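Next up, query_26.pdb (PDB, C-alpha atoms and all ligand atoms):
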```pdb
ATOM      1  CA  MET A1333       0.000   0.000   0.000
ATOM      2  CA  THR A1334       1.483   3.317  -1.029
ATOM      3  CA  ALA A1335       0.693   6.427   0.934
ATOM      4  CA  THR A1336      -0.322   9.717  -0.456
ATOM      5  CA  ALA A1337       0.211  12.801   1.676
ATOM      6  CA  ALA A1338      -1.538  12.432   5.008
ATOM      7  CA  SER A1339      -4.775  14.338   5.171
ATOM      8  CA  PHE A1340      -6.352  15.965   8.170
ATOM      9  CA  PRO A1341      -9.552  14.465   9.517
ATOM     10  CA  GLY A1342     -12.688  16.375   8.591
ATOM     11  CA  TRP A1343     -13.348  17.760  12.046
ATOM     12  CA  LEU A1344     -10.003  19.507  11.949
ATOM     13  CA  GLU A1345     -10.055  20.563   8.323
ATOM     14  CA  THR A1346     -13.255  22.491   8.777
ATOM     15  CA  GLY A1347     -11.868  24.490  11.656
ATOM     16  CA  LEU A1348      -8.192  24.929  10.953
ATOM     17  CA  GLY A1349      -8.439  27.927   8.673
ATOM     18  CA  PHE A1350      -9.997  30.199  11.243
ATOM     19  CA  LEU A1351      -9.275  28.250  14.416
ATOM     20  CA  PHE A1352      -6.077  30.101  15.085
ATOM     21  CA  PRO A1353      -4.697  33.448  14.223
ATOM     22  CA  GLU A1354      -1.171  33.061  12.873
ATOM     23  CA  ILE A1355       0.376  32.843  16.318
ATOM     24  CA  CYS A1356       2.850  30.279  17.630
ATOM     25  CA  GLN A1357       0.903  27.678  19.627
ATOM     26  CA  LEU A1358       3.853  26.999  21.906
ATOM     27  CA  CYS A1359       4.843  30.464  23.133
ATOM     28  CA  GLY A1360       1.704  32.333  22.128
ATOM     29  CA  GLU A1361       3.798  35.334  21.156
ATOM     30  CA  GLN A1362       5.531  35.140  17.788
ATOM     31  CA  ARG A1363       4.007  34.796  14.345
ATOM     32  CA  ALA A1364       3.701  31.252  12.916
ATOM     33  CA  THR A1365       1.614  29.842  10.064
ATOM     34  CA  ALA A1366      -0.304  26.588   9.602
ATOM     35  CA  LYS A1367       2.392  25.417   7.189
ATOM     36  CA  GLU A1368       4.957  25.867   9.937
ATOM     37  CA  GLY A1369       2.789  23.802  12.279
ATOM     38  CA  TYR A1370       2.121  26.945  14.308
ATOM     39  CA  VAL A1371       5.628  26.900  15.719
ATOM     40  CA  CYS A1372       7.562  30.160  15.426
ATOM     41  CA  SER A1373      11.211  30.478  14.473
ATOM     42  CA  ARG A1374      12.202  31.395  18.018
ATOM     43  CA  CYS A1375      10.653  28.202  19.481
ATOM     44  CA  TRP A1376      12.094  26.274  16.548
ATOM     45  CA  SER A1377      15.566  27.502  17.464
ATOM     46  CA  HIS A1378      15.294  25.623  20.808
ATOM     47  CA  VAL A1379      15.028  22.273  19.021
ATOM     48  CA  ARG A1380      18.063  20.077  19.665
ATOM     49  CA  PHE A1381      18.955  17.834  16.746
ATOM     50  CA  VAL A1382      20.641  14.506  17.482
ATOM     51  CA  LYS A1383      24.180  14.848  16.190
ATOM     52  CA  PRO A1384      27.153  12.487  16.463
ATOM     53  CA  PRO A1385      28.542  11.030  18.579
ATOM     54  CA  PHE A1386      25.642   8.683  19.303
ATOM     55  CA  CYS A1387      25.271   4.969  20.055
ATOM     56  CA  LYS A1388      25.543   3.100  16.747
ATOM     57  CA  ARG A1389      22.728   0.780  17.819
ATOM     58  CA  CYS A1390      20.063   2.860  19.559
ATOM     59  CA  GLY A1391      21.067   6.390  18.548
ATOM     60  CA  LEU A1392      21.504   7.665  22.107
ATOM     61  CA  PRO A1393      23.430  10.929  21.831
ATOM     62  CA  PHE A1394      26.597  11.057  23.857
ATOM     63  CA  GLU A1395      27.950  14.214  25.421
ATOM     64  CA  GLY A1396      31.594  14.364  24.568
ATOM     65  CA  ASP A1397      33.967  14.134  21.674
ATOM     66  CA  LEU A1398      34.099  10.419  20.993
ATOM     67  CA  THR A1399      35.121   9.869  17.407
ATOM     68  CA  THR A1400      34.848   6.083  17.171
ATOM     69  CA  PRO A1401      31.530   4.216  16.948
ATOM     70  CA  PHE A1402      30.366   2.978  20.346
ATOM     71  CA  GLU A1403      27.518   1.040  21.911
ATOM     72  CA  CYS A1404      25.831   2.403  25.036
ATOM     73  CA  ALA A1405      25.188   0.528  28.301
ATOM     74  CA  ASN A1406      21.464   0.242  27.452
ATOM     75  CA  CYS A1407      22.238  -1.707  24.289
ATOM     76  CA  ARG A1408      24.737  -3.938  26.002
ATOM     77  CA  GLU A1409      22.179  -5.065  28.572
ATOM     78  CA  MET A1410      19.153  -5.379  26.270
ATOM     79  CA  GLU A1411      18.485  -7.704  23.397
ATOM     80  CA  LEU A1412      17.387  -5.352  20.629
ATOM     81  CA  HIS A1413      16.007  -6.745  17.397
ATOM     82  CA  PHE A1414      16.408  -3.736  15.127
ATOM     83  CA  SER A1415      19.737  -3.121  13.421
ATOM     84  CA  ALA A1416      19.885   0.566  14.312
ATOM     85  CA  ALA A1417      17.615   3.290  15.646
ATOM     86  CA  ARG A1418      17.927   6.968  14.863
ATOM     87  CA  SER A1419      15.955   9.981  15.967
ATOM     88  CA  ALA A1420      15.828  13.438  14.478
ATOM     89  CA  VAL A1421      15.737  15.473  17.679
ATOM     90  CA  VAL A1422      16.023  15.219  21.445
ATOM     91  CA  ALA A1423      12.679  14.796  23.245
ATOM     92  CA  HIS A1424      12.684  17.860  25.443
ATOM     93  CA  GLY A1425      11.245  21.369  25.702
ATOM     94  CA  VAL A1426       9.194  22.549  22.748
ATOM     95  CA  VAL A1427       9.418  19.183  20.962
ATOM     96  CA  LEU A1428       8.109  17.246  23.928
ATOM     97  CA  GLU A1429       5.297  19.719  24.448
ATOM     98  CA  ALA A1430       4.285  19.607  20.774
ATOM     99  CA  ILE A1431       4.327  15.781  20.773
ATOM    100  CA  HIS A1432       2.247  15.555  23.934
ATOM    101  CA  ARG A1433      -0.372  17.974  22.687
ATOM    102  CA  TYR A1434      -0.378  16.346  19.241
ATOM    103  CA  LYS A1435      -0.964  12.883  20.699
ATOM    104  CA  TYR A1436      -3.069  13.428  23.763
ATOM    105  CA  GLN A1437      -4.991  16.594  22.925
ATOM    106  CA  ARG A1438      -5.361  15.984  19.187
ATOM    107  CA  ALA A1439      -3.377  19.110  18.409
ATOM    108  CA  LEU A1440      -2.915  17.948  14.827
ATOM    109  CA  TRP A1441      -1.819  21.412  13.747
ATOM    110  CA  PHE A1442       1.614  20.557  15.162
ATOM    111  CA  GLU A1443       1.962  17.789  12.576
ATOM    112  CA  PRO A1444       3.784  19.860   9.908
ATOM    113  CA  PHE A1445       6.308  20.877  12.563
ATOM    114  CA  LEU A1446       6.890  17.297  13.805
ATOM    115  CA  ALA A1447       6.904  15.724  10.345
ATOM    116  CA  GLY A1448       9.264  18.488   9.197
ATOM    117  CA  LEU A1449      11.762  17.612  11.930
ATOM    118  CA  LEU A1450      11.640  13.946  10.957
ATOM    119  CA  LEU A1451      12.033  14.557   7.217
ATOM    120  CA  ARG A1452      14.859  17.013   7.711
ATOM    121  CA  GLU A1453      16.998  14.193   9.119
ATOM    122  CA  THR A1454      15.602  11.082   7.435
ATOM    123  CA  VAL A1455      15.505  12.224   3.821
ATOM    124  CA  PRO A1456      19.256  12.952   3.525
ATOM    125  CA  ALA A1457      20.165   9.968   5.731
ATOM    126  CA  LEU A1458      18.112   7.494   3.684
ATOM    127  CA  ARG A1459      19.269   8.797   0.300
ATOM    128  CA  GLY A1460      21.182   6.099  -1.537
ATOM    129  CA  GLN A1461      20.120   3.441   0.964
ATOM    130  CA  ASP A1462      18.086   0.492  -0.107
ATOM    131  CA  TRP A1463      14.863   0.179   1.936
ATOM    132  CA  ASP A1464      11.735  -1.575   0.707
ATOM    133  CA  LEU A1465       9.002  -0.706   3.132
ATOM    134  CA  ILE A1466       7.922   1.781   5.811
ATOM    135  CA  VAL A1467       5.905   0.377   8.713
ATOM    136  CA  PRO A1468       4.466   2.478  11.561
ATOM    137  CA  VAL A1469       4.323   1.186  15.132
ATOM    138  CA  PRO A1470       0.634   0.283  15.516
ATOM    139  CA  LEU A1471      -1.600   1.383  18.357
ATOM    140  CA  HIS A1472      -3.880  -1.087  20.069
ATOM    141  CA  PRO A1473      -7.314  -0.812  18.366
ATOM    142  CA  LEU A1474      -8.897   0.394  21.626
ATOM    143  CA  LYS A1475      -6.356   3.164  21.976
ATOM    144  CA  GLN A1476      -6.659   4.125  18.330
ATOM    145  CA  ARG A1477     -10.430   4.361  18.697
ATOM    146  CA  GLU A1478      -9.997   6.626  21.698
ATOM    147  CA  ARG A1479      -7.329   8.818  20.055
ATOM    148  CA  GLU A1480      -8.927   8.713  16.576
ATOM    149  CA  PHE A1481      -5.539   8.622  14.888
ATOM    150  CA  ASN A1482      -2.185   6.899  15.141
ATOM    151  CA  GLN A1483       0.588   9.462  15.285
ATOM    152  CA  ALA A1484       3.197   6.942  14.090
ATOM    153  CA  GLU A1485       1.062   6.122  11.055
ATOM    154  CA  ARG A1486       0.679   9.783  10.111
ATOM    155  CA  LEU A1487       4.399  10.499  10.493
ATOM    156  CA  ALA A1488       5.210   7.365   8.489
ATOM    157  CA  ALA A1489       2.905   8.587   5.698
ATOM    158  CA  HIS A1490       4.893  11.818   5.491
ATOM    159  CA  LEU A1491       8.133   9.846   5.274
ATOM    160  CA  SER A1492       6.701   7.608   2.563
ATOM    161  CA  ALA A1493       5.494  10.587   0.524
ATOM    162  CA  ALA A1494       8.909  12.265   0.792
ATOM    163  CA  THR A1495      11.017   9.195  -0.030
ATOM    164  CA  GLN A1496       8.643   7.217  -2.294
ATOM    165  CA  ILE A1497       9.314   4.165  -0.132
ATOM    166  CA  PRO A1498       5.982   2.304   0.105
ATOM    167  CA  LEU A1499       4.042   2.439   3.376
ATOM    168  CA  ASN A1500       2.261  -0.565   4.811
ATOM    169  CA  LYS A1501       0.225   0.393   7.837
ATOM    170  CA  ASN A1502      -1.667  -2.875   8.103
ATOM    171  CA  LEU A1503       1.215  -5.302   8.333
ATOM    172  CA  LEU A1504       1.694  -5.231  12.089
ATOM    173  CA  ARG A1505      -0.954  -5.477  14.774
ATOM    174  CA  ARG A1506      -0.824  -4.588  18.403
ATOM    175  CA  VAL A1507      -2.572  -7.484  20.060
ATOM    176  CA  ARG A1508      -1.926  -6.759  23.684
ATOM    177  CA  PHE A1509      -2.988  -3.601  25.458
ATOM    178  CA  THR A1510      -0.053  -2.263  27.437
ATOM    179  CA  ASN A1511      -0.423   0.458  29.974
ATOM    180  CA  THR A1512       2.003   3.315  30.251
ATOM    181  CA  GLN A1513       5.510   2.031  30.774
ATOM    182  CA  THR A1514       7.036   5.083  32.382
ATOM    183  CA  ARG A1515       7.319   3.505  35.828
ATOM    184  CA  LEU A1516       8.871   0.280  34.604
ATOM    185  CA  THR A1517      12.568  -0.570  34.492
ATOM    186  CA  ARG A1518      14.195  -1.470  31.178
ATOM    187  CA  PRO A1519      13.932  -5.262  31.665
ATOM    188  CA  GLU A1520      10.328  -4.858  32.854
ATOM    189  CA  ARG A1521       9.486  -2.843  29.759
ATOM    190  CA  ALA A1522      10.995  -5.492  27.517
ATOM    191  CA  ALA A1523       9.014  -8.220  29.329
ATOM    192  CA  ASN A1524       5.867  -6.094  29.160
ATOM    193  CA  MET A1525       6.172  -5.732  25.376
ATOM    194  CA  ARG A1526       6.863  -9.397  24.668
ATOM    195  CA  GLY A1527       4.181 -10.711  22.329
ATOM    196  CA  ALA A1528       2.488  -7.306  22.114
ATOM    197  CA  PHE A1529       2.784  -7.269  18.305
ATOM    198  CA  THR A1530       1.998  -9.846  15.649
ATOM    199  CA  MET A1531       1.784  -9.799  11.880
ATOM    200  CA  ARG A1532      -1.607  -9.528  10.202
ATOM    201  CA  PRO A1533      -2.812 -13.120   9.740
ATOM    202  CA  GLY A1534      -1.238 -14.642   6.646
ATOM    203  CA  ALA A1535       1.176 -11.740   6.069
ATOM    204  CA  ARG A1536       4.688 -12.778   5.125
ATOM    205  CA  LEU A1537       7.725 -10.792   4.151
ATOM    206  CA  ASP A1538      10.330 -11.812   1.634
ATOM    207  CA  GLU A1539      13.686 -10.423   2.733
ATOM    208  CA  GLU A1540      12.392  -6.854   2.717
ATOM    209  CA  ARG A1541      14.393  -4.166   4.469
ATOM    210  CA  VAL A1542      11.952  -2.305   6.688
ATOM    211  CA  ILE A1543      11.986   1.166   8.231
ATOM    212  CA  LEU A1544       9.903   1.185  11.399
ATOM    213  CA  VAL A1545       8.533   4.624  12.357
ATOM    214  CA  ASP A1546       7.359   5.970  15.705
ATOM    215  CA  ASP A1547       7.056   9.379  17.330
ATOM    216  CA  VAL A1548       9.326   8.873  20.337
ATOM    217  CA  PHE A1549      12.040   6.351  21.124
ATOM    218  CA  THR A1550      12.564   5.756  24.837
ATOM    219  CA  THR A1551      14.178   2.425  25.730
ATOM    220  CA  GLY A1552      13.575   0.631  22.453
ATOM    221  CA  ALA A1553      11.311  -1.993  24.073
ATOM    222  CA  THR A1554       8.360  -1.181  21.796
ATOM    223  CA  THR A1555      10.274  -0.849  18.532
ATOM    224  CA  SER A1556      12.350  -3.929  19.319
ATOM    225  CA  ALA A1557       9.182  -5.989  19.850
ATOM    226  CA  CYS A1558       7.885  -4.769  16.470
ATOM    227  CA  ALA A1559      11.213  -5.560  14.809
ATOM    228  CA  GLN A1560      11.137  -9.051  16.274
ATOM    229  CA  ALA A1561       7.706  -9.726  14.734
ATOM    230  CA  LEU A1562       8.817  -8.361  11.336
ATOM    231  CA  LEU A1563      12.024 -10.418  11.315
ATOM    232  CA  ALA A1564      10.131 -13.562  12.328
ATOM    233  CA  ALA A1565       7.821 -12.968   9.343
ATOM    234  CA  GLY A1566      10.738 -12.805   6.914
ATOM    235  CA  ALA A1567      12.123  -9.247   6.949
ATOM    236  CA  ALA A1568      15.844  -9.100   6.172
ATOM    237  CA  GLU A1569      16.488  -6.088   8.381
ATOM    238  CA  VAL A1570      14.565  -3.565  10.435
ATOM    239  CA  CYS A1571      15.832  -0.095  11.266
ATOM    240  CA  VAL A1572      13.971   2.475  13.345
ATOM    241  CA  TRP A1573      13.395   6.185  12.787
ATOM    242  CA  THR A1574      11.576   8.376  15.276
ATOM    243  CA  VAL A1575      11.017  12.111  15.517
ATOM    244  CA  ALA A1576      12.354  12.341  19.050
ATOM    245  CA  ARG A1577      14.717  10.542  21.366
ATOM    246  CA  GLY A1578      14.133  10.402  25.095
ATOM    247  CA  ILE A1579      17.405  10.846  26.956
TER     248      ILE A1579
HETATM  249 ZN    ZN A1601       6.954  30.322  19.613
HETATM  250 ZN    ZN A1602      22.551   2.249  22.584
END
```

What would the structure in this file look like if it were written as C-alpha cells?
Amino acid sequence: MTATAASFPGWLETGLGFLFPEICQLCGEQRATAKEGYVCSRCWSHVRFVKPPFCKRCGLPFEGDLTTPFECANCREMELHFSAARSAVVAHGVVLEAIHRYKYQRALWFEPFLAGLLLRETVPALRGQDWDLIVPVPLHPLKQREREFNQAERLAAHLSAATQIPLNKNLLRRVRFTNTQTRLTRPERAANMRGAFTMRPGARLDEERVILVDDVFTTGATTSACAQALLAAGAAEVCVWTVARGI
C-alpha cells in the first residue's frame, strides 16, 4: 500500500483555517503559520537535533567528543532486534510539548512541525540506501479508537510521501494492550512488550528491508518488539526512525 500525503480528519479541516490566528501555539507570542505547524522560528531555534557522537545501535546521543563508533550501556544489557535506531531530535522542551499535545490533545496542527523535523533528518540519511518498506508502530485498536488517529502512522505517511518508499500500515498489529511504561525498568518494559505485536494473519515478508517509524524512542522496548515480529515474518532487516529521542 502506497501512501499519499496524510490528510487531516474532517473535524479539523473544517476548523483549521480560522481556528487560530497566525500565532505560535507553543509560546503564544511570535508569528507562525499553519504550514509551519504553528511553531515560530524562536521556538524552533530551541530544538536540539541529534548529532554524532551517538550509540551506533540505539542512537543515544553522547555528550563528549568520541570519534569512534560505540555502543551504550542500554544496548549492552538489552536484546534489541532492530539493526539501528535513529531519531531526528532530542525529546525535550518545545518538541516534547508539541508531541504531547499532538498525541493526547489531538493538536494535529503541530503535525507539519513534527513531520518536518523527521524529514529534515531522514531524507538525507536514507538517500542512496536500499529500503523496501515503511511500517508504523501500531496502536492497540482500543487506543486508536480513543485517540482517533495513530501518530506513528501519520508520520510514516509523510516519510513515505517524501522518499517514495511504500508504506504498509496494516502489516503489524498490536494485540496486547499495554499500559504506560514510564514507571517500569528497562527489563520490565521489555518483558511487558513481549508478544504485544503480531503480523496480520497470513502476512509474510520476503527479505524486505523495513523502516519502522514511531514518534518517540525511549528504551527501544516497543520498537524492538515490532522488529522481532517483522524479522520472524521474513524481513531481512529492520531499522527504526523516530522524531524524538528520550534521553
Ligand atoms: Zn513560539
Ligand atoms: Zn545504545

task: Write out as a PyMOL selection string the residues lying within 7 Å of segment 1536-1550 of chain A, counting all atoms listed in the file and excluding same-chain residues fewer than 6 positions away.
output: chain A and resi 1463-1469+1483-1484+1488+1565-1578

Compile a residue-level contact table for chain A against ligand ZN 1601 (chain A) at a cut-off of 8 Å, reporting for every qualifying residue the shortest atom pair and its distance in Å to one decimal, with all atoms listed in the file counted, rows ordered by chain and ascending number, as JSON lines.
```
{"residue": "A:Ile1355", "atom": "CA", "partner": "A:ZN1601", "partner_atom": "ZN", "distance": 7.8}
{"residue": "A:Cys1356", "atom": "CA", "partner": "A:ZN1601", "partner_atom": "ZN", "distance": 4.6}
{"residue": "A:Gln1357", "atom": "CA", "partner": "A:ZN1601", "partner_atom": "ZN", "distance": 6.6}
{"residue": "A:Leu1358", "atom": "CA", "partner": "A:ZN1601", "partner_atom": "ZN", "distance": 5.1}
{"residue": "A:Cys1359", "atom": "CA", "partner": "A:ZN1601", "partner_atom": "ZN", "distance": 4.1}
{"residue": "A:Gly1360", "atom": "CA", "partner": "A:ZN1601", "partner_atom": "ZN", "distance": 6.2}
{"residue": "A:Glu1361", "atom": "CA", "partner": "A:ZN1601", "partner_atom": "ZN", "distance": 6.1}
{"residue": "A:Gln1362", "atom": "CA", "partner": "A:ZN1601", "partner_atom": "ZN", "distance": 5.3}
{"residue": "A:Arg1363", "atom": "CA", "partner": "A:ZN1601", "partner_atom": "ZN", "distance": 7.5}
{"residue": "A:Ala1364", "atom": "CA", "partner": "A:ZN1601", "partner_atom": "ZN", "distance": 7.5}
{"residue": "A:Tyr1370", "atom": "CA", "partner": "A:ZN1601", "partner_atom": "ZN", "distance": 7.9}
{"residue": "A:Val1371", "atom": "CA", "partner": "A:ZN1601", "partner_atom": "ZN", "distance": 5.4}
{"residue": "A:Cys1372", "atom": "CA", "partner": "A:ZN1601", "partner_atom": "ZN", "distance": 4.2}
{"residue": "A:Ser1373", "atom": "CA", "partner": "A:ZN1601", "partner_atom": "ZN", "distance": 6.7}
{"residue": "A:Arg1374", "atom": "CA", "partner": "A:ZN1601", "partner_atom": "ZN", "distance": 5.6}
{"residue": "A:Cys1375", "atom": "CA", "partner": "A:ZN1601", "partner_atom": "ZN", "distance": 4.3}
{"residue": "A:Trp1376", "atom": "CA", "partner": "A:ZN1601", "partner_atom": "ZN", "distance": 7.2}
```

Skipping near chain neighbours, those fewer than 5 positions away, what residues fall within 9 Å of Thr1454 of chain A using only C-alpha atoms, listed as a short mmCIF file (atom, residue, chain, number, x, y, z; two decimals) with C-alpha atoms, in the coordinates of the input?
```cif
data_model
loop_
_atom_site.label_atom_id
_atom_site.label_comp_id
_atom_site.auth_asym_id
_atom_site.auth_seq_id
_atom_site.Cartn_x
_atom_site.Cartn_y
_atom_site.Cartn_z
CA ARG A 1418 17.93 6.97 14.86
CA SER A 1419 15.96 9.98 15.97
CA ALA A 1420 15.83 13.44 14.48
CA LEU A 1449 11.76 17.61 11.93
CA ARG A 1459 19.27 8.80 0.30
CA LEU A 1491 8.13 9.85 5.27
CA THR A 1495 11.02 9.20 -0.03
CA TRP A 1573 13.40 6.18 12.79
#
```

field: Output check: residues returned by the PyMOL selection byres (((not hetatm)) within 7 of (chain A and resi 1602)), as a PyMOL selection string
entry: chain A and resi 1387-1392+1403-1407

Writer output for current selection, C-alpha atoms, as a PDB file, in the frame of the given file:
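Result file is out-v7.pdb:
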```pdb
ATOM      1  CA  CYS A1387      25.271   4.969  20.055  1.00  0.00           C
ATOM      2  CA  LYS A1388      25.543   3.100  16.747  1.00  0.00           C
ATOM      3  CA  ARG A1389      22.728   0.780  17.819  1.00  0.00           C
ATOM      4  CA  CYS A1390      20.063   2.860  19.559  1.00  0.00           C
ATOM      5  CA  GLY A1391      21.067   6.390  18.548  1.00  0.00           C
ATOM      6  CA  LEU A1392      21.504   7.665  22.107  1.00  0.00           C
ATOM      7  CA  GLU A1403      27.518   1.040  21.911  1.00  0.00           C
ATOM      8  CA  CYS A1404      25.831   2.403  25.036  1.00  0.00           C
ATOM      9  CA  ALA A1405      25.188   0.528  28.301  1.00  0.00           C
ATOM     10  CA  ASN A1406      21.464   0.242  27.452  1.00  0.00           C
ATOM     11  CA  CYS A1407      22.238  -1.707  24.289  1.00  0.00           C
TER      12      CYS A1407
END
```

- request: Taking the file as shown, find all residues satisfying the PyMOL selection byres (((chain A and resi 1480) around 12) and not hetatm) and write them as a list in words.
  value: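 Applying the expression gives Phe1340, Pro1341, Gly1342, Trp1343, Leu1344, Tyr1434, Lys1435, Tyr1436, Gln1437, Arg1438, Ala1439, Leu1440, Leu1471, His1472, Pro1473, Leu1474, Lys1475, Gln1476, Arg1477, Glu1478, Arg1479, Phe1481, Asn1482, Gln1483, Glu1485 and Arg1486 of chain A.
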
field: Result set of the PyMOL selection byres (((chain A and resi 1384) around 10) and not hetatm) on the coordinates above, as a count of residues only
entry: 17

message: Could you tell me how far atom CA of Leu1499 of chain A sits from atom CA of Val1427 of chain A, in Å to one decimal place?
response: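 For atom CA of Val1427 of chain A relative to atom CA of Leu1499 of chain A, the distance reads 24.9 Å.
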
field: Nearest-residue call for Arg1508 of chain A, choices A:Ala1528, A:Ala1489, A:Ala1416, A:Ala1557, using only C-alpha atoms
entry: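 Looking only at the distances to Arg1508 of chain A, the closest residue turns out to be A:Ala1528.
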
message: With only C-alpha atoms as the counted atoms, please give the residues lying no more than 8 Å from Ala1366 of chain A, apart from itself and same-chain residues fewer than 5 positions off, as a list in words.
response: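 That gives Glu1354, Trp1441 and Pro1444 of chain A.
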
message: Between atom CA of Arg1521 of chain A and atom CA of Glu1453 of chain A, what is the distance in Å, rounded to a tenth?
response: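 Distance reported for this atom pair: 27.8 Å.
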
query: Of the candidates A:Thr1554, A:Val1421, A:Ile1497, A:Asn1502, which one gets nearest to Met1525 of chain A if we count all atoms listed in the file?
result: A:Thr1554

query: Of the residues A:Pro1519, A:Arg1380, A:Gln1496, A:Gly1552, which is the one nearest to Ala1417 of chain A, using all atoms listed in the file?
result: A:Gly1552

As AutoDock Vina command-line options: centre and edge lengths in Å, one decimal, of the axis-aligned box holding segment 1442-1450 of chain A with 5 Å per side:
```
--center_x 6.7 --center_y 17.4 --center_z 12.2 --size_x 20.1 --size_y 16.9 --size_z 16.0
```

Residue nearest Pro1470 of chain A among A:Arg1532, A:His1490, A:Arg1408, A:Arg1515 (counting only C-alpha atoms):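 With only C-alpha atoms as the atom set, the closest residue is A:Arg1532.
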
message: Using Å and a single decimal, report how far atom CA of Thr1530 of chain A sits from atom CA of Val1507 of chain A.
response: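 Separation between atom CA of Val1507 of chain A and atom CA of Thr1530 of chain A: 6.8 Å.
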
- prompt: Which residue out of A:Ser1415, A:Asn1500, A:Ser1492, A:Gln1461 has the minimum interatomic distance to Ser1556 of chain A when all atoms listed in the file are used?
  reply: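 Of A:Ser1415, A:Asn1500, A:Ser1492, A:Gln1461, the one nearest Ser1556 of chain A is A:Ser1415, counting all atoms listed in the file.
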
- request: Find, counting all atoms listed in the file, the residue in A:Glu1443, A:Glu1411, A:Val1379, A:Glu1429 that gets nearest to Lys1367 of chain A.
  value: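 Of all the options, A:Glu1443 lies closest to Lys1367 of chain A.
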